[in-house]
Amino acid sequence: MASLDDLKKRIASVKSTQKITKAMKMVAAAKLRRAQESAEKGRPYSQKMNNVILNLSSGISDKENAPKLLSGTGNDKVHLCVVMTSDRGLCGGFNSNIIKKAKSYFSKILEEGKDLKIITVGSKGNDQLKRVYGDKIIENISFKDSKNANYFDADKVGKIVIEKFQAGEFDVCTIFYNQFKNVITQIPQAQQIIPLNNEDDENGSDESYEFEPDEDEILSNLLPKNISTQIFKAMLENSASEQGSRMSAMDNATRNAGEMVDKLTIEYIRSRQAAITKELIEIISGAESL
Amino acid sequence: MSEEFKVEIVNPEKSFLKKEDVIEVVVPAFEGEMGILKDHISIISFLKPGIIKILSKIDEEKYYVEDGIVEFKNNNLSILTSSILKLSDIDKSKQQDLISSAEEQSKSAEINDQARYLIDQKLEVLKSLN
């Protein structure tokens with residue numbers, strides 16, 4: 001059994017850990033509020049953008065000559081995956097959930113004999129993926145310096161993706177991120193952005209639009225923007241999810257630390273009492289023998 | 001019958017402006033300025049750098065945009081843009097900043113004619129602000 005001194009030290013150390021996790025939880029909660037707000041505020045833009053594109057693509061007459069970003073290259077050989085994770089750890093299952101989702105997708109692709117290329121956004125994803133898929137990672141982007149998710153960063157990622165697409169480096173592009181549902185639930189998502197997947201959206205209106213300039217020009221201008229927008233949406237969702245996940249992880253850690261302190265304190269009191277009792281018995285039996 | 005319709009301006013960060021009592025909106029569309037009144041035909045168009053004018057019964061608001069998309073449908077006008085500023089928020093120094101960054105862009109060699117046209121437009125608009 002540990003000595004009284006050891007127990008005292010352990011209690012002190014668990015308590016100070018608890019202080020840290022508690023502080024992290026508070027910080028995450030404050031950040032979460034902001035991140036959640038901006039995620040919710042950012043939704044109308046990406047939704048509207050999606051709507052416009054849906055309306056446009058349903059109105060397009062010449063499907064054969066549609067821009068490649070919309071219809072794809074016609075091939076399905078090289079897959080590019082953009083895995084978006086956080087730059088910091090200690091946020092529960094946030095990163096591992098994305099990685100798990102991504103890895104199962106990767107193995108499916110590789111089984112089908114297709115080529116795989118990976119871009120990681122955020123250093124944690126890179127750390128976890130480089131052991132197994134190190135040779136597949138073509139780029140690692142990290143936005144450690146920017147405090148909040150901003151459109152400028154998303155645009156940078158978008159430009160890289162489009163550049164590579166136009167250089168013919170891949171055929172299909174999928175982004176992985178966590179969608180923020182609430183503090184406890186974040187759903188890892190795989191969203192295909194090139195070619196644009198709009199099979200499940202049949203609510204594109206059949207109303208005809210007037211276009212100015214013509215459809216093709218609008219589409220070829222809009223599609224790159226849409227990619228940046230979708231990536232930005234993913235970044236916003238991700239940052240809200242990260243904070244939410246960290247908050248609940250740190251809440252758990254704080255509670256566990258509290259339990260541990262209680263347990264250790266009881267043990268400490270018991271062993272102190274045992275020592276006192278032992279001493280008393282010694283004194284009493286000494287007195288009796290006189 | 002009222003002559004009013006709804007307008008919403010969204011940028012990637014948030015919904016920038018929402019108004020429900022608009023009579024006319026003038027947008028700098030790609031092929032020239034375009035005034036939109038109630039019951040306009042459904043239209044999708046691009047914006048070039050310029051001024052958006054929003055007229056309601058009581059007041060008139062002006063915004064500076066650099067790019068964007070307008071969609072008008074069922075008397076709902078949506079303007080999607082990544083760069084929008086209220087005209088009254090642009091002071092001299094801000095204007096100067098925007099001009100100098102645009103001038104810098106126009107100096108770089110790696111831009112095509114279309115981009116150059118847009119930058120020239122931007123400069124023209126910015127210089128005319130006062």
# chains A, B, ... in the order shown; residues from 1 in each chain; ligands from 1

call {"tool": "select_by_dssp", "arguments": {"residues": "range 3-80 of chain B", "states": "strand (DSSP E or B)", "output": "JSON, numbers by chain"}}
result
{"B": [5, 6, 7, 8, 9, 10, 15, 16, 17, 18, 19, 20, 21, 22, 23, 24, 25, 26, 27, 28, 29, 32, 33, 34, 35, 36, 43, 44, 45, 46, 47, 50, 51, 52, 53, 54, 55, 56, 60, 61, 62, 63, 64, 65, 68, 69, 70, 71, 72, 73, 76, 77, 78, 79, 80]}

call {"tool": "interface_residues", "arguments": {"of": "chain A", "to": "chain B", "cutoff": "7 Å", "atoms": "only C-alpha atoms", "output": "list in words"}}
result
Ser38, Lys41, Gly42, Tyr45, Tyr151, Tyr209, Glu210, Phe211, Glu212 and Pro213 of chain A

call {"tool": "residues_around", "arguments": {"residues": "Asp120 in chain B", "least_positions_apart": "2", "cutoff": "12 Å", "atoms": "only C-alpha atoms", "output": "number ranges by chain"}}
result
B: 48-50, 66, 99, 102-107, 113-118, 122-127

call {"tool": "residues_around", "arguments": {"residues": "Thr73 in chain A", "least_positions_apart": "4", "cutoff": "9 Å", "atoms": "only C-alpha atoms", "output": "ChimeraX atom specification"}}
result
/A:68-69,168,170-172,195

call {"tool": "atom_distance", "arguments": {"atom1": "CA of Glu37 in chain A", "atom2": "CA of Gly93 in chain A"}}
result
22.2 Å

call {"tool": "select_by_dssp", "arguments": {"residues": "range 55-113 of chain B", "states": "helix (DSSP H, G or I)", "output": "number ranges by chain"}}
result
B: 87-89, 92-107, 113

call {"tool": "residues_around", "arguments": {"residues": "Leu37 in chain B", "least_positions_apart": "2", "cutoff": "7 Å", "atoms": "only C-alpha atoms", "output": "ChimeraX atom specification"}}
result
/B:23-25,35,39-40

call {"tool": "atom_distance", "arguments": {"atom1": "CA of Lys57 in chain B", "atom2": "CA of Val22 in chain B"}}
result
7.3 Å

call {"tool": "atom_distance", "arguments": {"atom1": "CA of Leu70 in chain A", "atom2": "CA of Ile53 in chain A"}}
result
9.5 Å

call {"tool": "closest_residue", "arguments": {"among": "B:Ile51, B:Ile119, B:Leu129, B:Ile84", "to": "Glu33 in chain B", "atoms": "only C-alpha atoms"}}
result
B:Ile51

call {"tool": "closest_residue", "arguments": {"among": "B:Phe5, B:Ser108, B:Ser128, B:Tyr64", "to": "Lys86 in chain B", "atoms": "only C-alpha atoms"}}
result
B:Tyr64

call {"tool": "residues_around", "arguments": {"residues": "Asp76 in chain A", "least_positions_apart": "5", "cutoff": "12 Å", "atoms": "only C-alpha atoms", "output": "VMD selection string"}}
result
chain A and resid 71 109 112 to 116 169 to 173 194 to 195

call {"tool": "residues_around", "arguments": {"residues": "Gln243 in chain A", "least_positions_apart": "6", "cutoff": "7 Å", "atoms": "only C-alpha atoms", "output": "PyMOL selection string"}}
result
chain A and resi 28+31-32

call {"tool": "closest_residue", "arguments": {"among": "A:Lys156, A:Lys22, A:Arg10, A:Lys225", "to": "Thr254 in chain A", "atoms": "only C-alpha atoms"}}
result
A:Lys22

call {"tool": "decode", "arguments": {"residues": "chain B", "atoms": "C-alpha atoms", "output": "CSV table (one decimal), in the first residue's frame"}}
result
chain,number,residue,atom,x,y,z
B,1,MET,CA,-50.8,45.5,-54.8
B,2,SER,CA,-47.6,46.2,-53.2
B,3,GLU,CA,-44.5,46.6,-55.3
B,4,GLU,CA,-42.2,45.2,-52.8
B,5,PHE,CA,-40.0,42.1,-52.8
B,6,LYS,CA,-37.4,40.4,-50.7
B,7,VAL,CA,-33.7,40.7,-51.0
B,8,GLU,CA,-31.0,38.7,-49.2
B,9,ILE,CA,-27.3,39.3,-49.4
B,10,VAL,CA,-25.1,36.4,-48.1
B,11,ASN,CA,-21.4,36.2,-47.9
B,12,PRO,CA,-19.6,33.0,-46.9
B,13,GLU,CA,-19.4,34.0,-43.2
B,14,LYS,CA,-23.0,35.1,-42.7
B,15,SER,CA,-26.2,36.4,-44.0
B,16,PHE,CA,-25.1,40.0,-44.6
B,17,LEU,CA,-28.4,41.7,-45.2
B,18,LYS,CA,-32.1,40.8,-45.3
B,19,LYS,CA,-34.8,43.2,-46.4
B,20,GLU,CA,-38.4,42.6,-47.2
B,21,ASP,CA,-39.6,45.9,-48.4
B,22,VAL,CA,-37.5,46.6,-51.4
B,23,ILE,CA,-38.8,48.3,-54.4
B,24,GLU,CA,-35.9,48.3,-56.7
B,25,VAL,CA,-32.4,46.8,-56.7
B,26,VAL,CA,-29.8,47.9,-59.2
B,27,VAL,CA,-26.9,45.5,-59.6
B,28,PRO,CA,-23.7,45.8,-61.6
B,29,ALA,CA,-24.3,42.7,-63.7
B,30,PHE,CA,-21.7,41.3,-65.9
B,31,GLU,CA,-23.1,42.7,-69.1
B,32,GLY,CA,-24.1,46.0,-67.7
B,33,GLU,CA,-26.1,47.5,-64.9
B,34,MET,CA,-29.4,45.8,-64.3
B,35,GLY,CA,-32.4,47.1,-62.4
B,36,ILE,CA,-34.7,44.6,-60.9
B,37,LEU,CA,-38.3,45.3,-60.0
B,38,LYS,CA,-41.0,43.1,-58.6
B,39,ASP,CA,-42.1,40.2,-60.8
B,40,HIS,CA,-38.9,40.2,-62.8
B,41,ILE,CA,-38.3,37.0,-64.8
B,42,SER,CA,-36.2,34.4,-63.0
B,43,ILE,CA,-32.6,35.2,-63.8
B,44,ILE,CA,-29.1,34.2,-62.8
B,45,SER,CA,-26.3,36.5,-63.5
B,46,PHE,CA,-22.8,37.5,-62.4
B,47,LEU,CA,-21.6,40.7,-60.8
B,48,LYS,CA,-18.7,42.7,-61.8
B,49,PRO,CA,-17.1,45.2,-59.4
B,50,GLY,CA,-19.5,48.0,-58.8
B,51,ILE,CA,-22.2,49.4,-56.6
B,52,ILE,CA,-25.4,47.7,-55.6
B,53,LYS,CA,-28.3,50.1,-55.0
B,54,ILE,CA,-31.2,48.9,-52.9
B,55,LEU,CA,-34.2,51.2,-52.9
B,56,SER,CA,-37.0,50.9,-50.5
B,57,LYS,CA,-39.8,53.3,-49.7
B,58,ILE,CA,-38.0,54.9,-46.9
B,59,ASP,CA,-34.3,54.9,-47.8
B,60,GLU,CA,-31.7,54.0,-50.3
B,61,GLU,CA,-28.7,51.9,-49.4
B,62,LYS,CA,-25.5,51.4,-51.4
B,63,TYR,CA,-23.0,48.6,-51.3
B,64,TYR,CA,-19.7,48.1,-53.0
B,65,VAL,CA,-19.1,44.5,-54.4
B,66,GLU,CA,-16.2,43.0,-56.2
B,67,ASP,CA,-17.8,39.8,-57.4
B,68,GLY,CA,-20.8,37.6,-56.9
B,69,ILE,CA,-23.9,35.9,-58.2
B,70,VAL,CA,-27.4,37.2,-58.3
B,71,GLU,CA,-30.4,34.9,-58.5
B,72,PHE,CA,-33.9,36.2,-58.8
B,73,LYS,CA,-36.8,33.8,-58.4
B,74,ASN,CA,-40.4,34.1,-57.1
B,75,ASN,CA,-39.7,37.7,-56.0
B,76,ASN,CA,-36.8,36.6,-53.9
B,77,LEU,CA,-33.5,38.2,-54.8
B,78,SER,CA,-30.4,36.4,-53.5
B,79,ILE,CA,-27.0,37.9,-53.9
B,80,LEU,CA,-24.1,35.7,-53.1
B,81,THR,CA,-20.8,37.5,-52.8
B,82,SER,CA,-17.5,37.0,-51.1
B,83,SER,CA,-16.7,40.7,-51.0
B,84,ILE,CA,-19.2,43.3,-49.9
B,85,LEU,CA,-18.9,46.5,-48.1
B,86,LYS,CA,-21.4,49.1,-47.2
B,87,LEU,CA,-20.6,52.3,-49.1
B,88,SER,CA,-20.9,54.5,-46.0
B,89,ASP,CA,-18.3,52.3,-44.2
B,90,ILE,CA,-15.6,53.0,-46.8
B,91,ASP,CA,-13.6,56.0,-45.8
B,92,LYS,CA,-10.7,57.6,-47.5
B,93,SER,CA,-8.0,55.3,-46.2
B,94,LYS,CA,-10.1,52.1,-46.9
B,95,GLN,CA,-10.7,53.3,-50.4
B,96,GLN,CA,-7.0,54.0,-50.8
B,97,ASP,CA,-6.2,50.5,-49.5
B,98,LEU,CA,-8.5,48.9,-52.0
B,99,ILE,CA,-7.1,50.9,-54.8
B,100,SER,CA,-3.6,50.1,-54.1
B,101,SER,CA,-4.2,46.4,-53.7
B,102,ALA,CA,-6.1,46.5,-57.0
B,103,GLU,CA,-3.2,48.3,-58.7
B,104,GLU,CA,-0.8,45.7,-57.4
B,105,GLN,CA,-2.9,43.0,-58.9
B,106,SER,CA,-3.0,44.7,-62.2
B,107,LYS,CA,0.7,44.9,-62.3
B,108,SER,CA,1.3,41.2,-61.8
B,109,ALA,CA,1.9,39.6,-65.2
B,110,GLU,CA,0.0,36.3,-64.7
B,111,ILE,CA,-3.5,37.5,-65.3
B,112,ASN,CA,-5.6,37.0,-68.4
B,113,ASP,CA,-7.6,39.6,-70.2
B,114,GLN,CA,-10.8,38.9,-68.4
B,115,ALA,CA,-9.1,39.3,-65.0
B,116,ARG,CA,-7.5,42.5,-66.2
B,117,TYR,CA,-10.8,43.8,-67.4
B,118,LEU,CA,-12.3,43.1,-64.0
B,119,ILE,CA,-9.5,44.8,-62.2
B,120,ASP,CA,-9.8,47.9,-64.4
B,121,GLN,CA,-13.4,47.9,-63.6
B,122,LYS,CA,-12.7,47.7,-60.0
B,123,LEU,CA,-10.2,50.6,-60.1
B,124,GLU,CA,-12.7,52.7,-62.0
B,125,VAL,CA,-15.4,52.1,-59.5
B,126,LEU,CA,-13.2,52.7,-56.6
B,127,LYS,CA,-11.8,55.9,-57.9
B,128,SER,CA,-15.2,57.2,-58.6
B,129,LEU,CA,-16.3,56.7,-55.0
B,130,ASN,CA,-16.6,59.9,-53.0
